[in-house]
Each structure stands twice: as structure tokens, then as C-alpha cells.
file run_17.csv (CSV, C-alpha atoms)
chain,number,residue,atom,x,y,z
U,1,MET,CA,150.3,126.1,156.6
U,2,THR,CA,149.4,127.1,153.1
U,3,THR,CA,146.0,128.4,152.0
U,4,GLY,CA,143.5,125.6,151.7
U,5,ILE,CA,140.3,124.6,150.1
U,6,ASP,CA,136.8,124.5,151.5
U,7,LEU,CA,135.3,121.1,151.2
U,8,GLY,CA,131.9,122.0,152.7
U,9,ILE,CA,131.8,119.0,154.9
U,10,THR,CA,128.9,118.8,157.3
U,11,THR,CA,129.9,117.2,160.6
U,12,GLY,CA,127.4,118.7,163.0
U,13,SER,CA,130.3,120.4,164.9
U,14,PRO,CA,130.4,124.2,165.7
U,15,SER,CA,132.5,124.6,162.6
U,16,ALA,CA,130.8,122.4,160.0
U,17,ARG,CA,132.8,123.6,156.9
U,18,PRO,CA,136.5,122.9,157.6
U,19,GLN,CA,139.0,124.4,155.3
U,20,VAL,CA,141.6,121.9,154.3
U,21,GLN,CA,145.2,123.2,154.4
U,22,PHE,CA,148.6,121.7,153.7
U,23,VAL,CA,151.7,121.3,155.8
U,24,ARG,CA,155.1,120.3,154.4
U,25,ALA,CA,156.6,117.2,156.1
U,26,HIS,CA,160.3,116.7,156.7
U,27,ASP,CA,160.8,115.1,153.3
U,28,GLY,CA,158.7,117.6,151.4
U,29,ALA,CA,155.5,115.6,151.3
U,30,ARG,CA,152.3,117.7,151.6
U,31,LEU,CA,150.0,116.6,154.4
U,32,ALA,CA,146.3,117.6,154.2
U,33,CYS,CA,144.8,118.8,157.5
U,34,ALA,CA,141.7,120.5,158.9
U,35,ARG,CA,140.8,122.1,162.2
U,36,THR,CA,137.2,122.4,163.4
U,37,GLY,CA,135.4,123.2,166.7
U,38,GLN,CA,136.0,125.6,169.5
U,39,GLY,CA,138.2,125.6,172.6
U,40,PRO,CA,141.7,124.3,173.4
U,41,LEU,CA,143.5,122.4,170.7
U,42,LEU,CA,143.1,118.6,170.4
U,43,ILE,CA,145.2,116.9,167.7
U,44,ARG,CA,144.1,113.5,166.4
U,45,PRO,CA,147.0,111.7,164.6
U,46,ALA,CA,146.0,109.9,161.5
U,47,ALA,CA,144.7,106.4,162.1
U,48,TRP,CA,143.5,103.5,159.9
U,49,ILE,CA,142.5,104.2,156.4
U,50,GLY,CA,140.5,107.4,156.1
U,51,ALA,CA,140.3,110.8,154.5
U,52,ILE,CA,139.2,114.1,156.0
U,53,GLU,CA,137.3,115.0,152.8
U,54,HIS,CA,134.9,112.1,153.7
U,55,ASP,CA,134.8,112.7,157.5
U,56,GLY,CA,131.2,113.9,157.3
U,57,ARG,CA,130.0,110.5,156.1
U,58,ASN,CA,132.3,108.4,158.3
U,59,PRO,CA,130.0,106.4,160.7
U,60,VAL,CA,132.7,106.6,163.4
U,61,LEU,CA,134.6,109.8,162.9
U,62,ALA,CA,131.6,112.1,162.1
U,63,PRO,CA,129.9,111.7,165.6
U,64,LEU,CA,133.3,111.8,167.3
U,65,GLN,CA,134.3,115.0,165.5
U,66,ALA,CA,130.9,116.7,166.3
U,67,ALA,CA,131.0,115.7,170.0
U,68,LEU,CA,134.6,116.7,170.7
U,69,GLY,CA,134.4,119.8,168.5
U,70,SER,CA,131.8,121.3,170.8
U,71,ARG,CA,134.5,121.9,173.4
U,72,HIS,CA,137.8,121.7,171.5
U,73,GLN,CA,139.4,122.7,168.3
U,74,VAL,CA,140.0,119.3,166.7
U,75,LEU,CA,142.9,119.1,164.3
U,76,ARG,CA,143.2,116.0,162.1
U,77,TYR,CA,145.1,115.2,159.0
U,78,ASP,CA,145.3,112.6,156.2
U,79,ASP,CA,148.1,110.0,156.5
U,80,ARG,CA,150.6,110.1,153.7
U,81,GLY,CA,149.3,108.0,150.8
U,82,CYS,CA,145.7,108.6,152.0
U,83,GLY,CA,143.0,111.2,151.1
U,84,LEU,CA,144.4,114.5,150.0
U,85,SER,CA,148.0,114.0,151.3
U,86,ASP,CA,150.9,113.2,149.0
U,87,PRO,CA,151.5,109.5,148.3
U,88,LEU,CA,155.3,109.6,149.1
U,89,GLN,CA,156.1,106.5,151.1
U,90,PRO,CA,159.6,106.4,152.8
U,91,ALA,CA,161.3,103.2,153.9
U,92,ASP,CA,160.7,103.7,157.6
U,93,LEU,CA,157.0,104.5,157.6
U,94,PHE,CA,156.4,104.6,161.3
U,95,ASP,CA,159.3,107.1,161.8
U,96,SER,CA,157.7,109.3,159.1
U,97,TRP,CA,154.4,109.1,160.9
U,98,VAL,CA,156.0,110.5,164.0
U,99,ARG,CA,157.8,113.2,162.1
U,100,ASP,CA,154.6,114.0,160.2
U,101,LEU,CA,152.9,114.7,163.6
U,102,GLU,CA,155.8,116.9,164.5
U,103,ALA,CA,155.3,118.9,161.3
U,104,ILE,CA,151.5,119.2,162.0
U,105,ALA,CA,152.2,120.3,165.6
U,106,ASP,CA,154.8,122.8,164.5
U,107,GLY,CA,152.5,124.3,162.0
U,108,CYS,CA,149.4,124.6,164.2
U,109,GLY,CA,150.6,127.7,166.0
U,110,ASP,CA,149.9,126.3,169.5
U,111,SER,CA,152.7,125.7,172.0
U,112,ARG,CA,150.7,123.0,174.0
U,113,PHE,CA,147.8,120.7,173.1
U,114,ALA,CA,146.2,117.4,173.9
U,115,LEU,CA,146.5,114.3,171.7
U,116,LEU,CA,143.8,111.8,170.9
U,117,GLY,CA,145.5,108.6,169.6
U,118,ILE,CA,143.3,105.9,168.1
U,119,ALA,CA,144.7,102.5,167.0
U,120,GLN,CA,148.1,102.9,165.5
U,121,GLY,CA,147.6,106.7,165.8
U,122,ALA,CA,148.1,106.1,169.6
U,123,ALA,CA,151.6,104.6,169.0
U,124,VAL,CA,152.4,107.8,167.0
U,125,ALA,CA,151.0,109.9,169.8
U,126,ILE,CA,153.0,108.0,172.4
U,127,ALA,CA,156.2,108.4,170.5
U,128,TYR,CA,155.6,112.1,170.1
U,129,ALA,CA,154.7,112.7,173.7
U,130,ALA,CA,157.9,110.9,174.8
U,131,ARG,CA,160.0,113.0,172.5
U,132,HIS,CA,158.2,116.3,173.2
U,133,PRO,CA,156.9,116.2,176.8
U,134,GLU,CA,156.7,120.0,176.9
U,135,ARG,CA,154.2,120.2,174.1
U,136,VAL,CA,151.6,117.6,175.2
U,137,SER,CA,149.2,118.6,178.0
U,138,ARG,CA,147.1,115.4,178.0
U,139,LEU,CA,147.0,112.1,176.2
U,140,VAL,CA,143.8,110.1,175.3
U,141,LEU,CA,144.4,106.6,173.9
U,142,HIS,CA,141.6,104.4,172.4
U,143,GLY,CA,141.9,100.9,171.0
U,144,ALA,CA,145.6,101.5,171.3
U,145,TYR,CA,148.7,99.4,171.3
U,146,ALA,CA,152.4,99.9,171.9
U,147,ARG,CA,153.3,96.6,170.1
U,148,GLY,CA,152.1,95.6,166.6
U,149,ARG,CA,150.8,92.2,165.7
U,150,ARG,CA,154.2,90.7,164.9
U,151,VAL,CA,155.7,92.2,168.0
U,152,ARG,CA,153.2,91.2,170.7
U,153,ASP,CA,152.9,87.7,169.3
U,154,ARG,CA,156.0,86.2,167.6
U,155,SER,CA,154.5,82.8,166.9
U,156,GLY,CA,154.3,81.3,163.5
U,157,ALA,CA,150.5,81.4,163.6
U,158,ALA,CA,150.5,85.1,164.2
U,159,ALA,CA,153.0,85.7,161.4
U,160,ALA,CA,150.9,83.7,159.0
U,161,GLU,CA,147.7,85.6,160.0
U,162,ALA,CA,149.5,88.9,159.4
U,163,ASP,CA,150.7,87.8,156.0
U,164,THR,CA,147.2,86.7,155.1
U,165,LEU,CA,145.7,90.0,156.0
U,166,VAL,CA,148.2,91.9,154.0
U,167,ARG,CA,147.7,89.6,151.0
U,168,LEU,CA,143.9,90.1,151.3
U,169,ALA,CA,144.4,93.8,151.0
U,170,GLU,CA,146.7,93.5,148.1
U,171,LEU,CA,144.3,91.3,146.2
U,172,GLY,CA,141.0,92.9,146.9
U,173,TRP,CA,141.3,96.5,148.2
U,174,ASP,CA,141.0,98.1,144.7
U,175,ARG,CA,138.1,96.0,143.5
U,176,ARG,CA,134.7,97.6,143.1
U,177,ASP,CA,133.4,94.5,145.0
U,178,GLU,CA,133.5,95.6,148.6
U,179,SER,CA,133.7,92.0,150.0
U,180,PHE,CA,137.4,92.2,150.6
U,181,ARG,CA,137.2,95.5,152.5
U,182,GLN,CA,134.2,94.2,154.3
U,183,PHE,CA,136.4,91.7,156.2
U,184,PHE,CA,138.4,94.6,157.8
U,185,THR,CA,135.2,96.6,158.5
U,186,SER,CA,133.7,93.5,160.2
U,187,GLN,CA,136.7,93.4,162.5
U,188,ILE,CA,136.6,97.1,163.3
U,189,MET,CA,132.8,97.4,163.9
U,190,PRO,CA,131.1,94.0,164.1
U,191,ASP,CA,128.0,95.6,165.6
U,192,GLY,CA,127.6,98.1,162.9
U,193,THR,CA,124.5,98.2,160.7
U,194,ARG,CA,124.6,97.3,157.0
U,195,GLU,CA,124.5,101.0,156.1
U,196,GLN,CA,127.4,101.9,158.4
U,197,HIS,CA,129.4,99.0,157.0
U,198,ALA,CA,128.6,100.1,153.4
U,199,ARG,CA,129.7,103.7,154.1
U,200,PHE,CA,132.9,102.6,155.9
U,201,ASN,CA,133.7,100.2,153.0
U,202,GLU,CA,133.3,102.9,150.5
U,203,ILE,CA,135.5,105.4,152.4
U,204,GLN,CA,138.3,102.9,152.8
U,205,GLY,CA,138.3,102.3,149.1
U,206,LEU,CA,138.3,106.0,148.3
U,207,ALA,CA,141.0,106.8,150.8
U,208,THR,CA,143.9,104.8,149.5
U,209,SER,CA,145.1,102.1,147.1
U,210,ALA,CA,145.8,98.4,147.7
U,211,ALA,CA,149.5,98.9,147.6
U,212,LYS,CA,149.4,101.8,150.1
U,213,ALA,CA,147.0,99.8,152.4
U,214,ALA,CA,149.3,96.8,152.3
U,215,ALA,CA,152.4,99.0,153.1
U,216,TRP,CA,150.4,100.6,155.9
U,217,MET,CA,149.5,97.2,157.4
U,218,ARG,CA,153.1,95.9,157.3
U,219,ALA,CA,154.3,99.0,159.1
U,220,CYS,CA,151.6,98.7,161.8
U,221,ASP,CA,152.4,95.0,162.4
U,222,ARG,CA,156.0,96.0,163.3
U,223,ILE,CA,155.3,98.9,165.6
U,224,ASP,CA,157.0,98.8,169.0
U,225,VAL,CA,157.0,101.9,171.3
U,226,SER,CA,157.0,99.9,174.5
U,227,ASP,CA,160.4,101.3,175.5
U,228,ARG,CA,158.9,104.8,175.3
U,229,LEU,CA,156.0,104.4,177.6
U,230,GLY,CA,158.1,105.3,180.7
U,231,ARG,CA,159.0,108.6,179.1
U,232,VAL,CA,155.4,109.8,178.8
U,233,ARG,CA,155.0,112.5,181.5
U,234,CYS,CA,151.5,113.9,180.8
U,235,PRO,CA,148.2,112.7,182.3
U,236,THR,CA,147.0,109.8,180.2
U,237,LEU,CA,143.6,108.1,179.8
U,238,VAL,CA,143.4,104.7,178.1
U,239,LEU,CA,140.1,103.4,176.8
U,240,HIS,CA,139.7,99.9,175.3
U,241,SER,CA,136.9,97.6,174.4
U,242,ARG,CA,137.0,94.3,176.3
U,243,HIS,CA,136.1,92.3,173.2
U,244,ASP,CA,138.0,94.3,170.6
U,245,ARG,CA,138.7,92.0,167.6
U,246,CYS,CA,141.5,94.2,166.2
U,247,VAL,CA,143.6,94.9,169.2
U,248,PRO,CA,143.4,92.6,172.3
U,249,PHE,CA,142.2,94.2,175.5
U,250,GLU,CA,145.5,93.1,177.1
U,251,GLU,CA,147.3,95.7,175.0
U,252,GLY,CA,145.2,98.4,176.7
U,253,ARG,CA,146.2,97.0,180.1
U,254,PHE,CA,149.9,96.9,178.9
U,255,LEU,CA,149.7,100.6,178.0
U,256,ALA,CA,148.1,101.7,181.2
U,257,SER,CA,150.6,99.8,183.3
U,258,GLY,CA,153.5,101.2,181.4
U,259,ILE,CA,152.6,104.9,181.5
U,260,ALA,CA,153.0,106.5,184.9
U,261,ASP,CA,149.6,107.1,186.6
U,262,ALA,CA,147.6,106.3,183.5
U,263,GLU,CA,143.9,105.5,184.0
U,264,LEU,CA,142.4,102.5,182.2
U,265,VAL,CA,138.7,102.6,181.2
U,266,PRO,CA,137.4,99.1,180.1
U,267,LEU,CA,134.5,99.3,177.7
U,268,THR,CA,131.9,96.5,177.2
U,269,SER,CA,131.8,96.4,173.4
U,270,PRO,CA,133.0,94.2,170.6
U,271,ASN,CA,133.8,97.3,168.4
U,272,HIS,CA,137.3,98.5,167.9
U,273,LEU,CA,136.0,101.9,167.0
U,274,LEU,CA,132.9,102.8,169.1
U,275,LEU,CA,129.6,103.7,167.3
U,276,ASP,CA,127.5,106.6,168.7
U,277,SER,CA,124.5,104.2,168.7
U,278,GLU,CA,125.9,101.7,171.2
U,279,PRO,CA,125.4,101.9,175.0
U,280,GLU,CA,129.1,102.6,175.9
U,281,TRP,CA,129.4,105.7,173.6
U,282,PRO,CA,127.9,108.2,176.2
U,283,ARG,CA,130.2,106.8,178.8
U,284,TRP,CA,133.2,107.1,176.5
U,285,LEU,CA,132.4,110.6,175.6
U,286,SER,CA,131.7,111.6,179.2
U,287,ARG,CA,135.1,110.2,180.4
U,288,VAL,CA,137.0,111.8,177.6
U,289,GLN,CA,135.4,115.2,178.1
U,290,GLN,CA,135.9,115.1,181.8
U,291,PHE,CA,139.5,114.2,181.4
U,292,LEU,CA,140.1,117.0,178.9
U,293,ALA,CA,138.1,119.5,180.9
U,294,ALA,CA,141.2,120.6,182.8
U,295,ASP,CA,142.6,122.0,179.6
U,296,THR,CA,139.4,123.7,178.8
U,297,ALA,CA,139.3,125.4,182.2
U,298,ARG,CA,142.9,126.5,181.9
U,299,SER,CA,142.3,127.9,178.4
U,300,ASP,CA,139.3,129.9,179.7
U,301,ALA,CA,141.3,131.2,182.6
U,302,ALA,CA,144.2,132.1,180.3
U,303,GLY,CA,141.8,134.1,178.3
U,304,GLY,CA,140.6,135.8,181.5
U,305,CYS,CA,144.2,136.6,182.5
U,306,ALA,CA,144.8,138.1,179.1
U,307,ALA,CA,141.8,140.4,179.7
U,308,LEU,CA,143.2,141.8,183.0
U,309,THR,CA,144.3,145.4,182.8
U,310,GLY,CA,147.8,146.4,184.0
U,311,ARG,CA,146.2,147.9,187.2
U,312,GLN,CA,144.4,144.6,187.8
U,313,ARG,CA,147.6,142.6,187.4
U,314,ASP,CA,149.3,144.9,189.9
U,315,LEU,CA,146.3,144.3,192.2
U,316,VAL,CA,146.7,140.5,191.9
U,317,GLU,CA,150.3,140.8,192.9
U,318,LEU,CA,149.4,142.8,196.0
U,319,LEU,CA,146.7,140.2,196.9
U,320,ALA,CA,149.4,137.5,196.6
U,321,GLN,CA,151.5,139.5,199.2
U,322,GLY,CA,148.6,139.2,201.7
U,323,ARG,CA,147.6,142.9,201.5
U,324,ASP,CA,144.0,143.7,202.5
U,325,ASN,CA,141.8,146.2,200.6
U,326,SER,CA,142.8,149.2,202.6
U,327,ARG,CA,146.5,148.7,202.2
U,328,ILE,CA,146.1,148.0,198.5
U,329,ALA,CA,144.0,151.2,198.1
U,330,LEU,CA,146.7,153.1,199.9
U,331,GLN,CA,149.6,151.7,197.8
U,332,LEU,CA,147.8,152.2,194.5
U,333,GLY,CA,146.3,155.6,195.3
U,334,LEU,CA,142.7,154.3,195.0
U,335,SER,CA,139.6,154.3,197.1
U,336,GLU,CA,138.6,151.1,198.8
U,337,LYS,CA,135.4,151.0,196.8
U,338,THR,CA,137.5,151.1,193.5
U,339,VAL,CA,139.7,148.3,194.8
U,340,ARG,CA,136.5,146.2,195.6
U,341,ASN,CA,135.2,146.9,192.1
U,342,HIS,CA,138.5,145.8,190.6
U,343,ILE,CA,138.5,142.6,192.6
U,344,THR,CA,135.0,141.8,191.5
U,345,SER,CA,136.0,142.3,187.9
U,346,ILE,CA,139.1,140.1,188.4
U,347,PHE,CA,137.0,137.3,189.8
U,348,ALA,CA,134.6,137.5,186.9
U,349,LYS,CA,137.3,137.4,184.3
U,350,LEU,CA,139.1,134.5,185.8
U,351,GLY,CA,135.9,132.6,186.7
U,352,VAL,CA,136.8,132.2,190.4
U,353,GLU,CA,134.9,132.8,193.6
U,354,HIS,CA,137.5,133.9,196.2
U,355,ARG,CA,140.9,135.5,196.6
U,356,GLY,CA,142.8,132.2,197.1
U,357,GLN,CA,141.6,130.9,193.7
U,358,ALA,CA,142.4,134.1,191.9
U,359,ILE,CA,145.9,134.3,193.3
U,360,VAL,CA,146.8,130.7,192.5
U,361,LEU,CA,145.3,130.8,189.0
U,362,ALA,CA,146.5,134.2,188.0
U,363,LEU,CA,150.1,133.7,189.2
U,364,SER,CA,150.4,130.4,187.5
U,365,LEU,CA,149.1,131.7,184.1
U,366,ILE,CA,150.6,135.2,183.9
U,367,HIS,CA,153.8,134.4,185.8
U,368,ILE,CA,153.8,137.6,187.9
call {"tool": "encode", "arguments": {"input": "run_17.csv", "output": "C-alpha cells"}}
result
Amino acid sequence: MTTGIDLGITTGSPSARPQVQFVRAHDGARLACARTGQGPLLIRPAAWIGAIEHDGRNPVLAPLQAALGSRHQVLRYDDRGCGLSDPLQPADLFDSWVRDLEAIADGCGDSRFALLGIAQGAAVAIAYAARHPERVSRLVLHGAYARGRRVRDRSGAAAAEADTLVRLAELGWDRRDESFRQFFTSQIMPDGTREQHARFNEIQGLATSAAKAAAWMRACDRIDVSDRLGRVRCPTLVLHSRHDRCVPFEEGRFLASGIADAELVPLTSPNHLLLDSEPEWPRWLSRVQQFLAADTARSDAAGGCAALTGRQRDLVELLAQGRDNSRIALQLGLSEKTVRNHITSIFAKLGVEHRGQAIVLALSLIHI
């Protein structure tokens, strides 16, 4: 990543002033990204029309960023043609989205991470997870689909609706009058307040142009990653609003049934993107945090393993061989009291309570 610029965005997360940096995509396009929060890495692929420079005012993304940033480092980036990223638009936009995520992941410095895929960002996350199973620890999908509008419904009526929506964007997106963008906002968060709608309308207009929005919508309509669902190997959590007006609830069921051992969480909401003021928000947040907690625990334990001294690592190996304190003391030339003190320190560093936990965890993380 190159040196970035400080936008001074206030999100309420532990790191409230993200520094925007740039990553070069496969075709040379510069992608703007920012990382905030603390803990294991969680990458959120770009979704819908947004811009990280306006995240702090986004009625959906600001609460999400703050909540998840309390336990994770959340890395997000602007889609090409949006926000601070370059406008370069290749012929195969979806393939470029996947390759853009590859560039972001390669530039982040972490070998493994979780992915949070929202809307079409979920299809990008699925394609990446299928292609790079060794990199993705966990996959969270919300309001997601594997099949775009023209793929999941090939009727003439569906095609006419898709054409109408694209034409609506082409005609009205760039106007100062927000009534055209309000149509999309009303589909995304019908239960939002007037103020929330106004902010979202403004951000959509600032994020991209009419031509880019129309190209984006055409690409989303033709997405099809249904043949890659079976290649996703990581634990997967699928959350979907039952009355979602943008993506039918059936698409969430389709995803959960196509990915091995995926869990589906139905949400009683009409909103495609949940608002932090609605009753299902605490449940959504709790389920996602619980699901990702395994990565947090592993990260904490990995830090503890890194803090073990060479002598303590030797001691763990002897514990794994079934040696008691007296035999360990004899082999290492220590007193039994010193061995007991080392074991107490090992337990504290690893966050475990007994020998069995210490042995399993330490051996899995430091590969003794």
C-alpha cells in the first residue's frame, strides 16, 4: 500500500480517524482503502454505491463499522469508479471486482482473514473464498445473492424491470433533485427515517456518477457464482431479511443450501441493509460477533504463543509427551517450583485453565 491521507472520519470505533491508502489493482487502477478497529482482520468487499470518505455519515455503515471495529480490524475499500478509487471500468466488471479483492487481500499483510460480504459484495467474497480457500477463515454474508436479477429470473417482466432501473439511474442519478436516488434508497431501507434517507441519498450522489451507477447495476444483474458455492470450505453465516425488497429471501436460502454446513439466520425486517435503530440489529450484531469470536480467540492465543519463551516452548513439548512436573524438572535441570511457575505463566499467556487446553492450543499454533 502507498502512503495515504487522513480523512478525520469519526465513526465511533476504536480507531476513529482512518488513514486512506491506495492499492494497485491488476490493471493499474488505484483502489482507496482504510483499516480501522482492533483485533483479527475482517475485510468488507465494496458493496452498493458508497465511499469510505463518507462512512462516518452513512446511516448503515457508520454503526456497523463502529460495532465490528470494537473487536476486529475492519478493512474496506471503494469500488472502482466510486469514492476515491480510480474510475477505470473494464469490460468484465465482476471479474475485476474479484481481482480487486485479491489485490486488497495481497496488500493487507495478513495471511488469513474473515470476509463480510453484503449484497453484491457477497458474490465477490464467495468467488474469492472459492478461489483462495487457504486465505479465508470465516465468511459472513448479509442480504446476499449468488444470482443477479437477470439470472435468478429470466422472464420478460424481470428483464423489463432491470432495464427500467438502469434507465432510472442513467436519467436521474446526477440530478441535484434526490427523487431519483430516493427510489433506490426506499428499496434499501424502507423503514429509514427522513433524515437517514436524505443522508443516504446524498452519499449515493457523491460516491459516483450516473454512467458508473448504470454500469454497476448492469454488472450486478448478470452475476452468477452459483457454481462456486460448493467450493467454499470455510465456516459460513448467512443473514437475510425475510421481507428484503432488493434481494428475495429465497436467495439467502439458496446460498445457505449451496455452501456446505452454512447457517442461515432469517431476520424479521423489510430493510435490505439493517439500521441500528431496528429491533433485529442487536440480534444481527450478536450472531455475527459470536460467529467471528473463534477468530478473535485464536488471534489472542496466537499472541500468547508468540510471547512464550524458548524454555516455555520446550516445556509445552514435554507436557504434550505426558511428562509430569518432576520429570520435566529433571530433564530441564529446573526445580519443581520453577516448573510450576512456568506452567502458571504459560496458562496466563494462552488464556487457558488446564494442561490439556494448553497442549492442544499451543501445538496447533506454534507447530511444535
call {"tool": "residues_around", "arguments": {"input": "run_17.csv", "residues": "segment 254-269 of chain U", "least_positions_apart": "4", "cutoff": "6 Å", "atoms": "all atoms listed in the file", "output": "VMD selection string"}}
result
chain U and resid 229 to 230 236 to 243
call {"tool": "closest_residue", "arguments": {"input": "run_17.csv", "among": "U:Thr185, U:Ser209, U:Gln89, U:Ser137", "to": "Gly172 of chain U", "atoms": "only C-alpha atoms"}}
result
U:Ser209
call {"tool": "residues_near_point", "arguments": {"input": "run_17.csv", "point": "(148.2, 97.2, 151.7)", "cutoff": "12 Å", "atoms": "all atoms listed in the file", "output": "MDAnalysis selection string"}}
result
chainID U and resid 48:49 81:82 162:174 180:181 184 204:205 208:221
call {"tool": "residues_near_point", "arguments": {"input": "run_17.csv", "point": "(132.0, 95.5, 166.4)", "cutoff": "8 Å", "atoms": "all atoms listed in the file", "output": "PyMOL selection string"}}
result
chain U and resi 186-192+244-245+269-274
call {"tool": "atom_distance", "arguments": {"input": "run_17.csv", "atom1": "atom CA of Val74 of chain U", "atom2": "atom CA of Tyr128 of chain U"}}
result
17.5 Å
call {"tool": "axis_aligned_box", "arguments": {"input": "run_17.csv", "around": "segment 270-278 of chain U", "padding_each_side": "3 Å", "output": "lines of an AutoDock Vina configuration file"}}
result
center_x = 130.9
center_y = 100.4
center_z = 169.1
size_x = 18.8
size_y = 18.4
size_z = 10.2
call {"tool": "closest_residue", "arguments": {"input": "run_17.csv", "among": "U:Asn201, U:Ser277, U:Asp27, U:Gly83", "to": "Arg176 of chain U", "atoms": "only C-alpha atoms"}}
result
U:Asn201
call {"tool": "closest_residue", "arguments": {"input": "run_17.csv", "among": "U:Pro63, U:Gly310, U:Gly109, U:Gly252", "to": "Asp276 of chain U", "atoms": "all atoms listed in the file"}}
result
U:Pro63
call {"tool": "decode", "arguments": {"input": "run_17.csv", "residues": "segment 323-356 of chain U", "atoms": "C-alpha atoms", "output": "PDB file, in the first residue's frame"}}
result
ATOM      1  CA  ARG U 323       5.660 -35.809  31.455  1.00  0.00           C
ATOM      2  CA  ASP U 324       4.743 -34.793  34.994  1.00  0.00           C
ATOM      3  CA  ASN U 325       6.347 -31.844  36.801  1.00  0.00           C
ATOM      4  CA  SER U 326       9.083 -33.898  38.444  1.00  0.00           C
ATOM      5  CA  ARG U 327      10.228 -35.491  35.160  1.00  0.00           C
ATOM      6  CA  ILE U 328      10.102 -32.116  33.377  1.00  0.00           C
ATOM      7  CA  ALA U 329      12.185 -30.581  36.172  1.00  0.00           C
ATOM      8  CA  LEU U 330      14.738 -33.382  35.902  1.00  0.00           C
ATOM      9  CA  GLN U 331      15.054 -33.150  32.108  1.00  0.00           C
ATOM     10  CA  LEU U 332      15.321 -29.352  32.019  1.00  0.00           C
ATOM     11  CA  GLY U 333      17.529 -29.077  35.097  1.00  0.00           C
ATOM     12  CA  LEU U 334      14.980 -26.986  36.995  1.00  0.00           C
ATOM     13  CA  SER U 335      13.324 -27.198  40.366  1.00  0.00           C
ATOM     14  CA  GLU U 336       9.721 -28.389  40.502  1.00  0.00           C
ATOM     15  CA  LYS U 337       8.702 -24.985  41.848  1.00  0.00           C
ATOM     16  CA  THR U 338      10.236 -23.278  38.805  1.00  0.00           C
ATOM     17  CA  VAL U 339       8.366 -25.702  36.532  1.00  0.00           C
ATOM     18  CA  ARG U 340       5.108 -24.899  38.320  1.00  0.00           C
ATOM     19  CA  ASN U 341       5.775 -21.172  37.903  1.00  0.00           C
ATOM     20  CA  HIS U 342       6.467 -21.643  34.177  1.00  0.00           C
ATOM     21  CA  ILE U 343       3.235 -23.597  33.764  1.00  0.00           C
ATOM     22  CA  THR U 344       1.248 -20.870  35.528  1.00  0.00           C
ATOM     23  CA  SER U 345       2.799 -18.283  33.204  1.00  0.00           C
ATOM     24  CA  ILE U 346       2.028 -20.426  30.110  1.00  0.00           C
ATOM     25  CA  PHE U 347      -1.631 -20.760  31.159  1.00  0.00           C
ATOM     26  CA  ALA U 348      -1.905 -16.993  31.613  1.00  0.00           C
ATOM     27  CA  LYS U 349      -0.296 -16.184  28.261  1.00  0.00           C
ATOM     28  CA  LEU U 350      -2.511 -18.646  26.378  1.00  0.00           C
ATOM     29  CA  GLY U 351      -5.682 -17.837  28.293  1.00  0.00           C
ATOM     30  CA  VAL U 352      -6.308 -21.470  29.274  1.00  0.00           C
ATOM     31  CA  GLU U 353      -7.156 -23.203  32.530  1.00  0.00           C
ATOM     32  CA  HIS U 354      -5.532 -26.652  32.384  1.00  0.00           C
ATOM     33  CA  ARG U 355      -2.796 -28.701  30.722  1.00  0.00           C
ATOM     34  CA  GLY U 356      -4.998 -30.279  28.067  1.00  0.00           C
TER      35      GLY U 356
END
